[in-house]
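With mmCIF, C-alpha atoms inside, this is query04.cif:
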```
data_start
loop_
_atom_site.label_atom_id
_atom_site.label_comp_id
_atom_site.auth_asym_id
_atom_site.auth_seq_id
_atom_site.Cartn_x
_atom_site.Cartn_y
_atom_site.Cartn_z
CA MET L 1455 -2.78 2.10 53.46
CA THR L 1456 -2.21 -0.48 56.18
CA ALA L 1457 -0.09 -3.61 55.93
CA LEU L 1458 -3.34 -5.61 55.86
CA GLU L 1459 -4.55 -3.67 52.80
CA THR L 1460 -1.28 -3.86 50.86
CA GLY L 1461 -0.07 -7.25 52.03
CA ILE L 1462 3.32 -5.66 52.70
CA THR L 1463 4.92 -5.41 56.13
CA THR L 1464 7.02 -2.29 56.76
CA ILE L 1465 9.25 -2.75 59.79
CA PRO L 1466 10.23 0.53 61.48
CA HIS L 1467 13.88 1.59 61.27
CA ILE L 1468 14.99 2.30 64.83
CA PRO L 1469 18.01 4.64 64.60
CA PHE L 1470 21.18 4.04 66.54
CA SER L 1471 21.55 6.32 69.53
CA GLN L 1472 24.16 9.06 69.53
CA THR L 1473 25.75 7.20 72.44
CA GLU L 1474 26.34 4.22 70.17
CA TYR L 1475 28.20 6.39 67.65
CA GLU L 1476 30.19 8.03 70.44
CA ASN L 1477 31.15 4.58 71.73
CA ARG L 1478 32.34 3.57 68.25
CA VAL L 1479 34.57 6.64 68.03
CA GLU L 1480 35.90 6.05 71.54
CA ARG L 1481 36.72 2.40 70.75
CA ALA L 1482 38.47 3.57 67.58
CA ARG L 1483 40.53 6.07 69.58
CA ARG L 1484 41.64 3.40 72.04
CA LEU L 1485 42.92 1.37 69.09
CA MET L 1486 44.50 4.49 67.56
CA LYS L 1487 46.45 4.99 70.77
CA GLN L 1488 47.45 1.33 70.86
CA TYR L 1489 48.79 1.42 67.28
CA ALA L 1490 50.17 5.00 67.38
CA PHE L 1491 47.81 6.69 64.91
CA ASP L 1492 47.28 10.44 65.14
CA ALA L 1493 44.03 10.35 63.17
CA LEU L 1494 41.73 8.19 61.05
CA LEU L 1495 40.65 9.17 57.57
CA VAL L 1496 37.39 7.35 56.83
CA THR L 1497 36.49 7.19 53.13
CA SER L 1498 34.74 3.91 52.30
CA GLU L 1499 30.97 3.97 52.18
CA HIS L 1500 30.49 1.27 54.81
CA ASN L 1501 32.92 2.77 57.29
CA ILE L 1502 31.32 6.20 56.78
CA ARG L 1503 27.98 4.62 57.59
CA TYR L 1504 29.46 2.84 60.62
CA PHE L 1505 30.75 6.05 62.21
CA VAL L 1506 28.20 8.57 60.94
CA GLY L 1507 25.02 6.64 60.12
CA GLU L 1508 24.59 8.44 56.82
CA PRO L 1509 21.41 7.06 55.22
CA ALA L 1510 22.01 8.12 51.62
CA VAL L 1511 25.48 7.06 50.48
CA THR L 1512 25.41 4.47 47.69
CA PRO L 1513 27.31 1.15 48.02
CA PHE L 1514 30.05 2.42 45.71
CA ALA L 1515 29.98 6.20 45.25
CA THR L 1516 31.76 7.40 42.10
CA THR L 1517 31.14 11.12 42.56
CA ARG L 1518 30.82 13.54 45.48
CA PRO L 1519 32.89 11.48 47.93
CA ARG L 1520 32.48 11.92 51.67
CA PHE L 1521 35.44 12.05 54.05
CA LEU L 1522 35.48 11.83 57.82
CA LEU L 1523 38.60 12.80 59.77
CA ILE L 1524 38.70 11.46 63.33
CA PRO L 1525 41.64 12.98 65.23
CA SER L 1526 43.02 11.24 68.31
CA SER L 1527 41.27 13.92 70.37
CA GLY L 1528 38.74 16.65 69.66
CA GLU L 1529 35.78 16.74 67.29
CA ALA L 1530 35.45 14.60 64.19
CA ILE L 1531 35.29 16.61 60.98
CA ALA L 1532 33.30 15.80 57.84
CA ILE L 1533 34.77 17.03 54.56
CA LEU L 1534 31.88 17.13 52.09
CA PRO L 1535 30.70 18.51 48.74
CA THR L 1536 28.66 21.70 49.14
CA GLY L 1537 25.06 20.94 50.09
CA LEU L 1538 25.77 17.72 51.90
CA ASP L 1539 26.72 19.65 55.03
CA GLU L 1540 23.07 20.66 55.49
CA PHE L 1541 22.02 17.06 54.91
CA TYR L 1542 24.50 15.88 57.53
CA GLN L 1543 23.31 18.52 59.99
CA GLN L 1544 19.75 17.22 59.68
CA THR L 1545 20.43 13.46 59.62
CA THR L 1546 23.66 12.73 61.56
CA TRP L 1547 25.42 13.58 64.81
CA ILE L 1548 28.35 15.32 63.09
CA LYS L 1549 28.58 19.07 63.80
CA ASN L 1550 31.92 20.08 62.27
CA TYR L 1551 32.19 20.46 58.47
CA ARG L 1552 34.39 21.69 55.64
CA THR L 1553 33.02 21.80 52.10
CA TRP L 1554 34.05 22.19 48.47
CA PRO L 1555 31.89 22.85 45.36
CA GLY L 1556 31.26 19.46 43.77
CA PRO L 1557 31.04 17.49 41.67
CA ASN L 1558 34.40 18.64 40.36
CA PRO L 1559 36.33 15.83 38.62
CA LYS L 1560 39.51 17.93 38.48
CA ASP L 1561 39.54 18.48 42.24
CA GLU L 1562 36.94 16.30 43.95
CA GLY L 1563 37.80 17.31 47.47
CA VAL L 1564 41.55 16.77 47.11
CA SER L 1565 42.60 20.33 47.98
CA MET L 1566 40.10 20.73 50.81
CA LEU L 1567 40.97 17.38 52.37
CA ALA L 1568 44.70 18.12 52.19
CA LYS L 1569 44.11 21.59 53.66
CA VAL L 1570 42.19 20.21 56.66
CA VAL L 1571 44.82 17.54 57.34
CA ASN L 1572 47.68 20.06 57.11
CA GLU L 1573 45.89 22.52 59.40
CA LEU L 1574 44.89 20.08 62.12
CA LEU L 1575 47.59 17.44 62.31
CA PRO L 1576 51.28 17.73 63.25
CA ASP L 1577 53.95 17.52 60.56
CA HIS L 1578 54.84 13.88 61.16
CA ALA L 1579 51.32 12.60 61.81
CA LYS L 1580 50.47 8.99 61.03
CA ILE L 1581 46.97 8.82 59.51
CA GLY L 1582 45.14 5.51 59.32
CA THR L 1583 42.88 4.71 56.39
CA GLU L 1584 41.44 1.76 54.45
CA LEU L 1585 44.44 0.09 52.80
CA GLY L 1586 44.32 -3.48 54.14
CA ALA L 1587 42.62 -6.81 53.50
CA GLU L 1588 39.01 -6.75 52.26
CA SER L 1589 38.87 -2.94 52.33
CA ARG L 1590 38.59 -0.22 49.71
CA LEU L 1591 39.04 3.51 49.43
CA GLY L 1592 35.93 5.59 48.79
CA MET L 1593 37.81 7.83 46.36
CA PRO L 1594 39.84 7.38 43.16
CA VAL L 1595 43.33 6.04 43.81
CA GLY L 1596 44.81 8.92 41.81
CA ASP L 1597 43.09 11.44 44.10
CA PHE L 1598 44.34 9.57 47.16
CA MET L 1599 47.89 9.72 45.82
CA ARG L 1600 47.54 13.48 45.23
CA VAL L 1601 46.37 13.98 48.82
CA ALA L 1602 49.29 11.88 50.07
CA ASP L 1603 51.70 14.14 48.15
CA GLU L 1604 50.10 17.35 49.43
CA ILE L 1605 50.21 16.41 53.12
CA ARG L 1606 53.87 15.32 53.31
CA PRO L 1607 55.70 14.74 55.63
CA ARG L 1608 52.47 13.38 57.17
CA VAL L 1609 51.86 9.80 56.00
CA PHE L 1610 49.00 7.40 55.46
CA ALA L 1611 49.14 3.87 56.88
CA ASP L 1612 46.79 0.90 56.87
CA ALA L 1613 44.15 1.02 59.60
CA SER L 1614 41.92 -1.76 58.22
CA ASP L 1615 43.64 -4.63 60.00
CA PRO L 1616 44.32 -2.88 63.34
CA ILE L 1617 41.19 -0.69 63.62
CA PHE L 1618 38.32 -0.89 61.12
CA THR L 1619 38.06 -4.68 60.89
CA PRO L 1620 38.18 -5.46 64.64
CA LEU L 1621 35.75 -2.60 65.35
CA ARG L 1622 33.12 -3.81 62.89
CA MET L 1623 33.71 -7.48 63.72
CA ILE L 1624 31.98 -7.18 67.10
CA LYS L 1625 28.36 -6.12 66.57
CA SER L 1626 26.35 -4.17 69.12
CA SER L 1627 22.96 -5.43 70.26
CA SER L 1628 21.34 -2.88 67.93
CA GLU L 1629 23.34 -4.12 64.96
CA ILE L 1630 22.53 -7.74 65.79
CA GLU L 1631 18.84 -6.89 65.95
CA ARG L 1632 18.95 -5.52 62.38
CA ILE L 1633 20.65 -8.70 61.16
CA ARG L 1634 18.16 -10.81 63.14
CA ILE L 1635 15.27 -9.00 61.44
CA VAL L 1636 16.55 -9.44 57.90
CA CYS L 1637 17.42 -13.10 58.51
CA ARG L 1638 13.89 -13.65 59.86
CA CYS L 1639 12.30 -11.94 56.83
CA VAL L 1640 14.33 -14.01 54.37
CA SER L 1641 13.77 -17.24 56.36
CA GLU L 1642 10.01 -16.67 56.22
CA ALA L 1643 10.26 -15.97 52.49
CA PHE L 1644 12.10 -19.25 51.89
CA ASP L 1645 9.73 -21.18 54.16
CA ASN L 1646 6.67 -19.88 52.29
CA LEU L 1647 8.02 -20.23 48.77
CA LEU L 1648 7.49 -23.96 48.14
CA PRO L 1649 3.65 -23.94 47.72
CA LYS L 1650 3.99 -21.29 45.00
CA LEU L 1651 6.43 -23.28 42.83
CA ARG L 1652 5.51 -25.43 39.85
CA LEU L 1653 7.34 -27.54 37.28
CA GLY L 1654 7.86 -25.51 34.12
CA MET L 1655 8.72 -22.26 35.91
CA THR L 1656 12.00 -20.57 35.06
CA GLU L 1657 14.78 -19.65 37.48
CA ARG L 1658 13.87 -15.98 37.02
CA GLU L 1659 10.20 -16.58 37.75
CA VAL L 1660 11.02 -18.44 40.96
CA CYS L 1661 13.45 -15.72 42.10
CA ARG L 1662 10.98 -12.93 41.34
CA LEU L 1663 8.43 -14.74 43.52
CA PHE L 1664 11.05 -15.14 46.22
CA GLU L 1665 12.02 -11.46 46.14
CA LEU L 1666 8.34 -10.52 46.44
CA GLU L 1667 8.11 -12.78 49.50
CA CYS L 1668 11.12 -10.98 51.01
CA PHE L 1669 9.63 -7.52 50.41
CA THR L 1670 6.24 -8.63 51.70
CA ARG L 1671 7.80 -9.68 55.00
CA GLY L 1672 9.81 -6.49 55.55
CA ALA L 1673 13.18 -6.74 53.79
CA ASP L 1674 14.28 -3.39 52.33
CA LYS L 1675 16.30 -4.58 49.34
CA THR L 1676 17.30 -7.79 47.56
CA PRO L 1677 20.59 -6.72 45.92
CA ARG L 1678 22.21 -10.14 45.51
CA ILE L 1679 19.96 -13.06 44.61
CA SER L 1680 21.98 -15.88 43.03
CA ALA L 1681 20.35 -18.94 41.51
CA VAL L 1682 21.68 -21.96 39.62
CA SER L 1683 20.09 -25.27 38.73
CA GLY L 1684 20.78 -28.52 36.95
CA ARG L 1685 19.61 -32.09 36.48
CA GLY L 1686 20.93 -34.06 39.42
CA GLY L 1687 22.54 -30.98 40.97
CA TYR L 1688 24.41 -27.80 40.12
CA THR L 1689 28.11 -27.18 39.43
CA ARG L 1690 28.80 -23.72 40.90
CA PRO L 1691 27.40 -21.53 43.67
CA TYR L 1692 27.35 -18.29 41.67
CA GLY L 1693 24.93 -17.28 38.96
CA VAL L 1694 22.32 -14.78 37.88
CA PRO L 1695 18.83 -16.31 37.60
CA ALA L 1696 18.25 -17.26 33.95
CA ASP L 1697 15.26 -18.10 31.79
CA LYS L 1698 16.08 -21.79 32.14
CA VAL L 1699 12.93 -23.90 32.53
CA LEU L 1700 12.94 -26.07 35.67
CA SER L 1701 12.06 -29.67 34.80
CA ASP L 1702 11.69 -33.01 36.54
CA GLY L 1703 15.05 -34.00 38.07
CA ASP L 1704 16.37 -30.44 38.44
CA LEU L 1705 17.77 -29.11 41.71
CA LEU L 1706 17.47 -25.35 42.23
CA PHE L 1707 19.90 -23.49 44.53
CA ILE L 1708 18.99 -19.95 45.68
CA ASP L 1709 21.50 -17.85 47.63
CA ALA L 1710 19.90 -14.73 49.11
CA GLY L 1711 21.75 -11.54 50.02
CA CYS L 1712 19.12 -9.11 51.33
CA LEU L 1713 19.15 -5.91 53.39
CA PHE L 1714 17.26 -4.42 56.31
CA ASN L 1715 18.29 -0.92 57.34
CA PHE L 1716 21.65 -1.42 55.56
CA TYR L 1717 22.51 -4.74 57.30
CA TRP L 1718 22.86 -7.96 55.34
CA SER L 1719 21.52 -11.47 55.37
CA ASP L 1720 23.26 -14.19 53.36
CA PHE L 1721 22.15 -17.83 53.26
CA ASP L 1722 20.77 -20.36 50.79
CA ARG L 1723 18.11 -23.02 50.28
CA HIS L 1724 17.46 -25.85 47.81
CA PHE L 1725 14.33 -26.94 45.95
CA ALA L 1726 13.97 -30.25 44.06
CA PHE L 1727 11.73 -30.25 41.01
CA GLY L 1728 10.41 -33.78 41.16
CA ALA L 1729 11.84 -36.37 43.56
CA PRO L 1730 15.60 -35.80 44.11
CA ASP L 1731 17.92 -38.58 43.02
CA PRO L 1732 19.74 -40.68 45.68
CA HIS L 1733 23.15 -39.01 45.21
CA THR L 1734 21.70 -35.54 45.65
CA GLN L 1735 19.75 -36.63 48.72
CA ASP L 1736 22.89 -38.13 50.28
CA ALA L 1737 24.97 -34.99 49.55
CA HIS L 1738 22.25 -32.81 51.05
CA GLN L 1739 22.25 -34.89 54.24
CA ILE L 1740 26.06 -34.87 54.55
CA VAL L 1741 26.28 -31.09 54.17
CA TRP L 1742 23.29 -30.62 56.51
CA ASN L 1743 25.21 -32.66 59.12
CA ALA L 1744 28.36 -30.62 58.53
CA THR L 1745 26.36 -27.42 59.02
CA GLU L 1746 25.00 -28.81 62.27
CA ALA L 1747 28.55 -29.58 63.42
CA GLY L 1748 29.69 -26.08 62.50
CA ILE L 1749 26.87 -24.44 64.45
CA ALA L 1750 27.58 -26.62 67.49
CA ALA L 1751 31.30 -25.76 67.34
CA VAL L 1752 30.76 -21.99 67.60
CA LYS L 1753 31.71 -20.89 71.12
CA PRO L 1754 33.37 -17.76 72.51
CA GLY L 1755 37.07 -18.08 73.21
CA ILE L 1756 37.91 -20.61 70.48
CA PRO L 1757 39.74 -19.88 67.20
CA ILE L 1758 37.44 -19.81 64.20
CA CYS L 1759 39.56 -22.50 62.53
CA ASN L 1760 38.02 -24.96 65.04
CA VAL L 1761 34.66 -24.38 63.35
CA TRP L 1762 36.26 -25.27 60.03
CA SER L 1763 37.70 -28.47 61.53
CA ALA L 1764 34.33 -29.56 62.91
CA MET L 1765 32.73 -29.28 59.46
CA SER L 1766 35.73 -30.78 57.68
CA ASP L 1767 35.56 -33.90 59.88
CA VAL L 1768 31.99 -34.55 58.74
CA LEU L 1769 32.66 -33.84 55.08
CA ASN L 1770 35.69 -36.15 55.05
CA SER L 1771 33.89 -39.02 56.77
CA PRO L 1772 33.32 -42.36 54.97
CA GLU L 1773 29.61 -41.51 54.63
CA ASN L 1774 30.41 -38.89 52.01
CA ARG L 1775 30.48 -40.49 48.55
CA GLY L 1776 32.10 -37.28 47.26
CA LYS L 1777 34.78 -35.05 48.75
CA ALA L 1778 34.86 -31.83 50.76
CA THR L 1779 35.25 -28.53 48.99
CA THR L 1780 35.72 -25.28 50.85
CA ILE L 1781 35.39 -22.95 47.82
CA GLY L 1782 38.21 -21.02 49.52
CA ARG L 1783 36.55 -21.15 52.94
CA MET L 1784 33.55 -22.59 54.77
CA GLY L 1785 32.02 -19.36 55.99
CA HIS L 1786 32.65 -15.73 56.88
CA SER L 1787 31.04 -12.83 58.72
CA MET L 1788 28.73 -10.05 57.52
CA GLY L 1789 27.17 -6.81 58.72
CA LEU L 1790 27.18 -3.49 56.86
CA TRP L 1791 28.89 -5.39 54.05
CA MET L 1792 28.87 -8.98 52.92
CA PRO L 1793 31.17 -10.82 53.29
CA GLU L 1794 33.25 -9.47 56.14
CA LEU L 1795 36.18 -10.91 58.05
CA PRO L 1796 36.93 -13.29 59.70
CA SER L 1797 36.86 -16.30 57.36
CA VAL L 1798 36.12 -19.88 58.37
CA GLN L 1799 39.44 -21.30 57.16
CA PRO L 1800 42.05 -23.63 58.67
CA GLU L 1801 44.63 -20.80 58.79
CA ASP L 1802 42.36 -18.18 60.40
CA ARG L 1803 42.93 -18.16 64.16
CA THR L 1804 40.67 -15.22 64.98
CA ILE L 1805 39.24 -15.81 68.45
CA LEU L 1806 35.46 -15.87 68.53
CA LYS L 1807 33.87 -13.29 70.82
CA PRO L 1808 30.26 -12.54 71.76
CA GLY L 1809 28.68 -10.27 69.16
CA MET L 1810 30.43 -11.78 66.13
CA ILE L 1811 28.22 -12.85 63.22
CA ILE L 1812 29.35 -16.12 61.61
CA ASN L 1813 27.96 -17.56 58.37
CA ILE L 1814 28.35 -21.34 58.54
CA GLU L 1815 28.89 -22.52 54.94
CA PRO L 1816 30.15 -26.07 54.27
CA SER L 1817 30.09 -27.69 50.84
CA THR L 1818 30.91 -30.94 49.09
CA THR L 1819 31.27 -32.21 45.54
CA TYR L 1820 29.61 -35.48 44.58
CA PRO L 1821 29.13 -37.56 41.41
CA SER L 1822 25.93 -37.03 39.43
CA TYR L 1823 23.49 -39.94 39.72
CA PHE L 1824 22.81 -39.65 36.00
CA ASP L 1825 26.23 -39.40 34.36
CA GLY L 1826 28.88 -39.26 37.11
CA SER L 1827 29.82 -35.65 36.38
CA PRO L 1828 30.84 -33.55 39.43
CA LYS L 1829 28.08 -31.66 41.23
CA LEU L 1830 28.18 -29.26 44.16
CA MET L 1831 26.14 -29.11 47.38
CA LEU L 1832 26.45 -26.06 49.63
CA HIS L 1833 24.50 -25.07 52.75
CA GLU L 1834 24.58 -21.82 54.71
CA GLU L 1835 23.12 -20.64 58.01
CA VAL L 1836 23.80 -17.52 60.12
CA VAL L 1837 24.63 -17.46 63.84
CA VAL L 1838 25.70 -14.84 66.35
CA VAL L 1839 28.28 -15.76 68.97
CA THR L 1840 26.79 -15.51 72.47
CA ASP L 1841 28.31 -15.69 75.96
CA ASP L 1842 28.05 -19.49 75.99
CA GLY L 1843 27.66 -20.64 72.39
CA ALA L 1844 25.74 -19.49 69.35
CA GLU L 1845 22.24 -18.27 68.52
CA LEU L 1846 20.83 -19.32 65.14
CA LEU L 1847 19.45 -16.27 63.31
CA THR L 1848 18.04 -18.18 60.32
CA SER L 1849 15.29 -20.78 60.40
CA ARG L 1850 17.16 -24.07 60.00
CA ALA L 1851 16.99 -25.70 56.58
CA SER L 1852 15.03 -28.97 56.56
CA ARG L 1853 16.94 -32.26 56.71
CA THR L 1854 15.34 -33.31 53.43
CA ILE L 1855 15.15 -31.29 50.23
CA PRO L 1856 11.78 -29.56 49.72
CA VAL L 1857 10.11 -31.11 46.65
CA VAL L 1858 8.11 -29.27 44.01
CA ALA L 1859 5.56 -31.89 42.91
#
```
Taking this structure as input, can you express it in the form of structure tokens?
Amino acid sequence: MTALETGITTIPHIPFSQTEYENRVERARRLMKQYAFDALLVTSEHNIRYFVGEPAVTPFATTRPRFLLIPSSGEAIAILPTGLDEFYQQTTWIKNYRTWPGPNPKDEGVSMLAKVVNELLPDHAKIGTELGAESRLGMPVGDFMRVADEIRPRVFADASDPIFTPLRMIKSSSEIERIRIVCRCVSEAFDNLLPKLRLGMTEREVCRLFELECFTRGADKTPRISAVSGRGGYTRPYGVPADKVLSDGDLLFIDAGCLFNFYWSDFDRHFAFGAPDPHTQDAHQIVWNATEAGIAAVKPGIPICNVWSAMSDVLNSPENRGKATTIGRMGHSMGLWMPELPSVQPEDRTILKPGMIINIEPSTTYPSYFDGSPKLMLHEEVVVVTDDGAELLTSRASRTIPVVA
């Protein structure tokens, strides 16, 4: 059936070229040389996907782990459960494999991985893997410790901070296009949601409609849809949509984490059920202005903390009847995972470079119009750093809160 007949748009998945994967490995090897690593052991699902492009690994695999060993020279080697080697041959660029019969909880690749490392790497090799900030191993910690014992005197060391994070921080044009597509799909879903909303709906009903809008426009998955609401505002940015009925005076916040071809979107929108009260309107305008300042501040060559300062100046201005809140930070990056480093924080001095994705995410607390209790207002947009500034990948939220009559 055609898209016209089903009402659903299916956007083709254009695969990365083999050259792109080769370039990623070559960039990794330059960093390996700089930081004196003899090899990389790639275990986490998102790093496996980054280097291999595997289309089937789950976000957090708990059985049949995949391992990729990238030596400082020579071919990369995949160490896989039996059967996955054929799958890799048909769907990835990897040509060199070792296998073990899995699943096998007593020895889920431990012996085979240790054997490959011992055969291919010198006795005092330094092997980088995912041990640093905002990283995770794609295998049980106990198994990792067993491998570490079996390969001595070779040692593991953190490669997240020196290699994996800086590699994934700069997106290629093909990666940016995937993020651009998912942000466009979700923007269109938000922009077309208002006419379908009515007083008396529940949070879950609204979010189910929204997810349908996302799928209709081409998003692949909607794995993280948060929604919270409250009379005169909400108190937290995290929450699973509930069966709470939306009544006159309620403000609904929806934060949408969606996927296209494994790349994330992440941004939010607000909907007022009935006319919003004056305090909520003012908070919305202040945070909208702070978002505008954050977008304008994004430029290559500056530290990301400057973006934080630009938003903080607006939130701490006399026009804000409340006070700034960073909820730990006022933004982050994203790509194959969400969130990713760097963070928009006053202490983060990461230099912005073309190809970085930055989620601009200021927030403020303000007193409820009805009872003075503290409420929260948070905005989020997505930009990519360009050669001379920033390109907005989301359709900009309106200056005023959309109203459900």
Just so the selection is clear, what residues does the PyMOL selection byres ((chain L and resi 1495) around 6) cover here, as a PDB file with C-alpha atoms, in the coordinates of the input?
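Result file is part22.pdb:
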```
ATOM      1  CA  LEU L1494      41.730   8.190  61.050  1.00  0.00           C
ATOM      2  CA  VAL L1496      37.390   7.350  56.830  1.00  0.00           C
ATOM      3  CA  LEU L1522      35.480  11.830  57.820  1.00  0.00           C
ATOM      4  CA  LEU L1523      38.600  12.800  59.770  1.00  0.00           C
ATOM      5  CA  THR L1583      42.880   4.710  56.390  1.00  0.00           C
TER       6      THR L1583
END
```
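Minimum distance to Phe1824 (chain L) across L:Ser1849, L:Asn1743, L:Asn1558, L:Thr1734 (counting all atoms listed in the file) occurs at L:Thr1734.
Here the PyMOL selection byres ((chain L and resi 1786) around 7) matches the residues Gly1785, Ser1787, Met1788, Pro1793, Glu1794, Leu1795, Pro1796, Ser1797, Val1798, Ile1812 and Asn1813 of chain L.
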Give me, as a Markdown table, the closest atom pair and its distance (Å, one decimal) for every residue of region 1623-1667 of chain L within a cut-off of 12 Å of region 1477-1488 of chain L, counting only C-alpha atoms, rows sorted by chain and rising number.
```
| residue | atom | partner | partner_atom | distance |
| --- | --- | --- | --- | --- |
| L:Ile1624 | CA | L:Arg1478 | CA | 10.8 |
| L:Lys1625 | CA | L:Arg1478 | CA | 10.6 |
| L:Ser1626 | CA | L:Arg1478 | CA | 9.8 |
```
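If all atoms listed in the file are the atoms counted, then among L:Arg1503, L:Arg1658, L:Arg1634, L:Arg1803 the closest residue to Phe1470 (chain L) is L:Arg1503.
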Residues within 8 Å of Tyr1504 (chain L), please, as number ranges by chain. Count all atoms listed in the file; anything in the same chain fewer than 5 positions from it doesn't count. L: 1475, 1622, 1790
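Once the PyMOL selection byres ((chain L and resi 1722) around 10) is applied to this file, the selection holds Val1640, Ser1641, Phe1644, Ile1679, Ser1680, Ala1681, Pro1691, Phe1707, Ile1708, Asp1709, Ala1710, Gly1711, Asp1720, Phe1721, Arg1723, His1724, Glu1815, Leu1832, His1833, Glu1834, Glu1835 and Ala1851 of chain L.
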With C-alpha atoms kept, could you save the residues just selected as a compact mmCIF listing (two decimals), in the frame of the given file?
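Done, and the output landed in again-v2.txt:
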```txt
# COMPACT_ATOMS: atom_id res chain seq x y z
CA VAL L 1640 14.33 -14.01 54.37
CA SER L 1641 13.77 -17.24 56.36
CA PHE L 1644 12.10 -19.25 51.89
CA ILE L 1679 19.96 -13.06 44.61
CA SER L 1680 21.98 -15.88 43.03
CA ALA L 1681 20.35 -18.94 41.51
CA PRO L 1691 27.40 -21.53 43.67
CA PHE L 1707 19.90 -23.49 44.53
CA ILE L 1708 18.99 -19.95 45.68
CA ASP L 1709 21.50 -17.85 47.63
CA ALA L 1710 19.90 -14.73 49.11
CA GLY L 1711 21.75 -11.54 50.02
CA ASP L 1720 23.26 -14.19 53.36
CA PHE L 1721 22.15 -17.83 53.26
CA ARG L 1723 18.11 -23.02 50.28
CA HIS L 1724 17.46 -25.85 47.81
CA GLU L 1815 28.89 -22.52 54.94
CA LEU L 1832 26.45 -26.06 49.63
CA HIS L 1833 24.50 -25.07 52.75
CA GLU L 1834 24.58 -21.82 54.71
CA GLU L 1835 23.12 -20.64 58.01
CA ALA L 1851 16.99 -25.70 56.58
```
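Here CA of Ala1750 (chain L) is placed at a distance of 17.5 Å from CA of Thr1804 (chain L).
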Contact check, region 1674-1751 of chain L to region 1816-1822 of chain L, at most 8 Å, counting all atoms listed in the file, closest pairs as a tab-separated table:
```
residue	atom	partner	partner_atom	distance
L:Gly1686	CA	L:Ser1822	CA	5.8
L:Gly1687	CA	L:Ser1822	CA	7.1
L:His1733	CA	L:Ser1822	CA	6.7
L:Thr1734	CA	L:Ser1822	CA	7.7
L:Ala1737	CA	L:Tyr1820	CA	6.8
L:Val1741	CA	L:Ser1817	CA	6.1
L:Ala1744	CA	L:Pro1816	CA	6.5
L:Thr1745	CA	L:Pro1816	CA	6.2
```
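The smallest atom-to-atom distance between Tyr1551 (chain L) and any of L:Val1564, L:Ile1524, L:Cys1661, L:Ala1532, using all atoms listed in the file, is found for L:Ala1532.
Considering all atoms listed in the file, the residue among L:Gly1826, L:Glu1562, L:Glu1659, L:Asn1501 positioned nearest to Phe1618 (chain L) is L:Asn1501.
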Can you pull out the residues contacting Leu1666 (chain L)? Cut-off 12 Å, using all atoms listed in the file, and skip same-chain residues under 6 positions away; I want them as an MDAnalysis selection string. chainID L and resid 1461:1463 1639:1640 1642:1644 1646:1647 1650 1659:1660 1672:1676 1712
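In this model, the gap between CA of Pro1856 (chain L) and CA of Asp1736 (chain L) comes to 14.0 Å.
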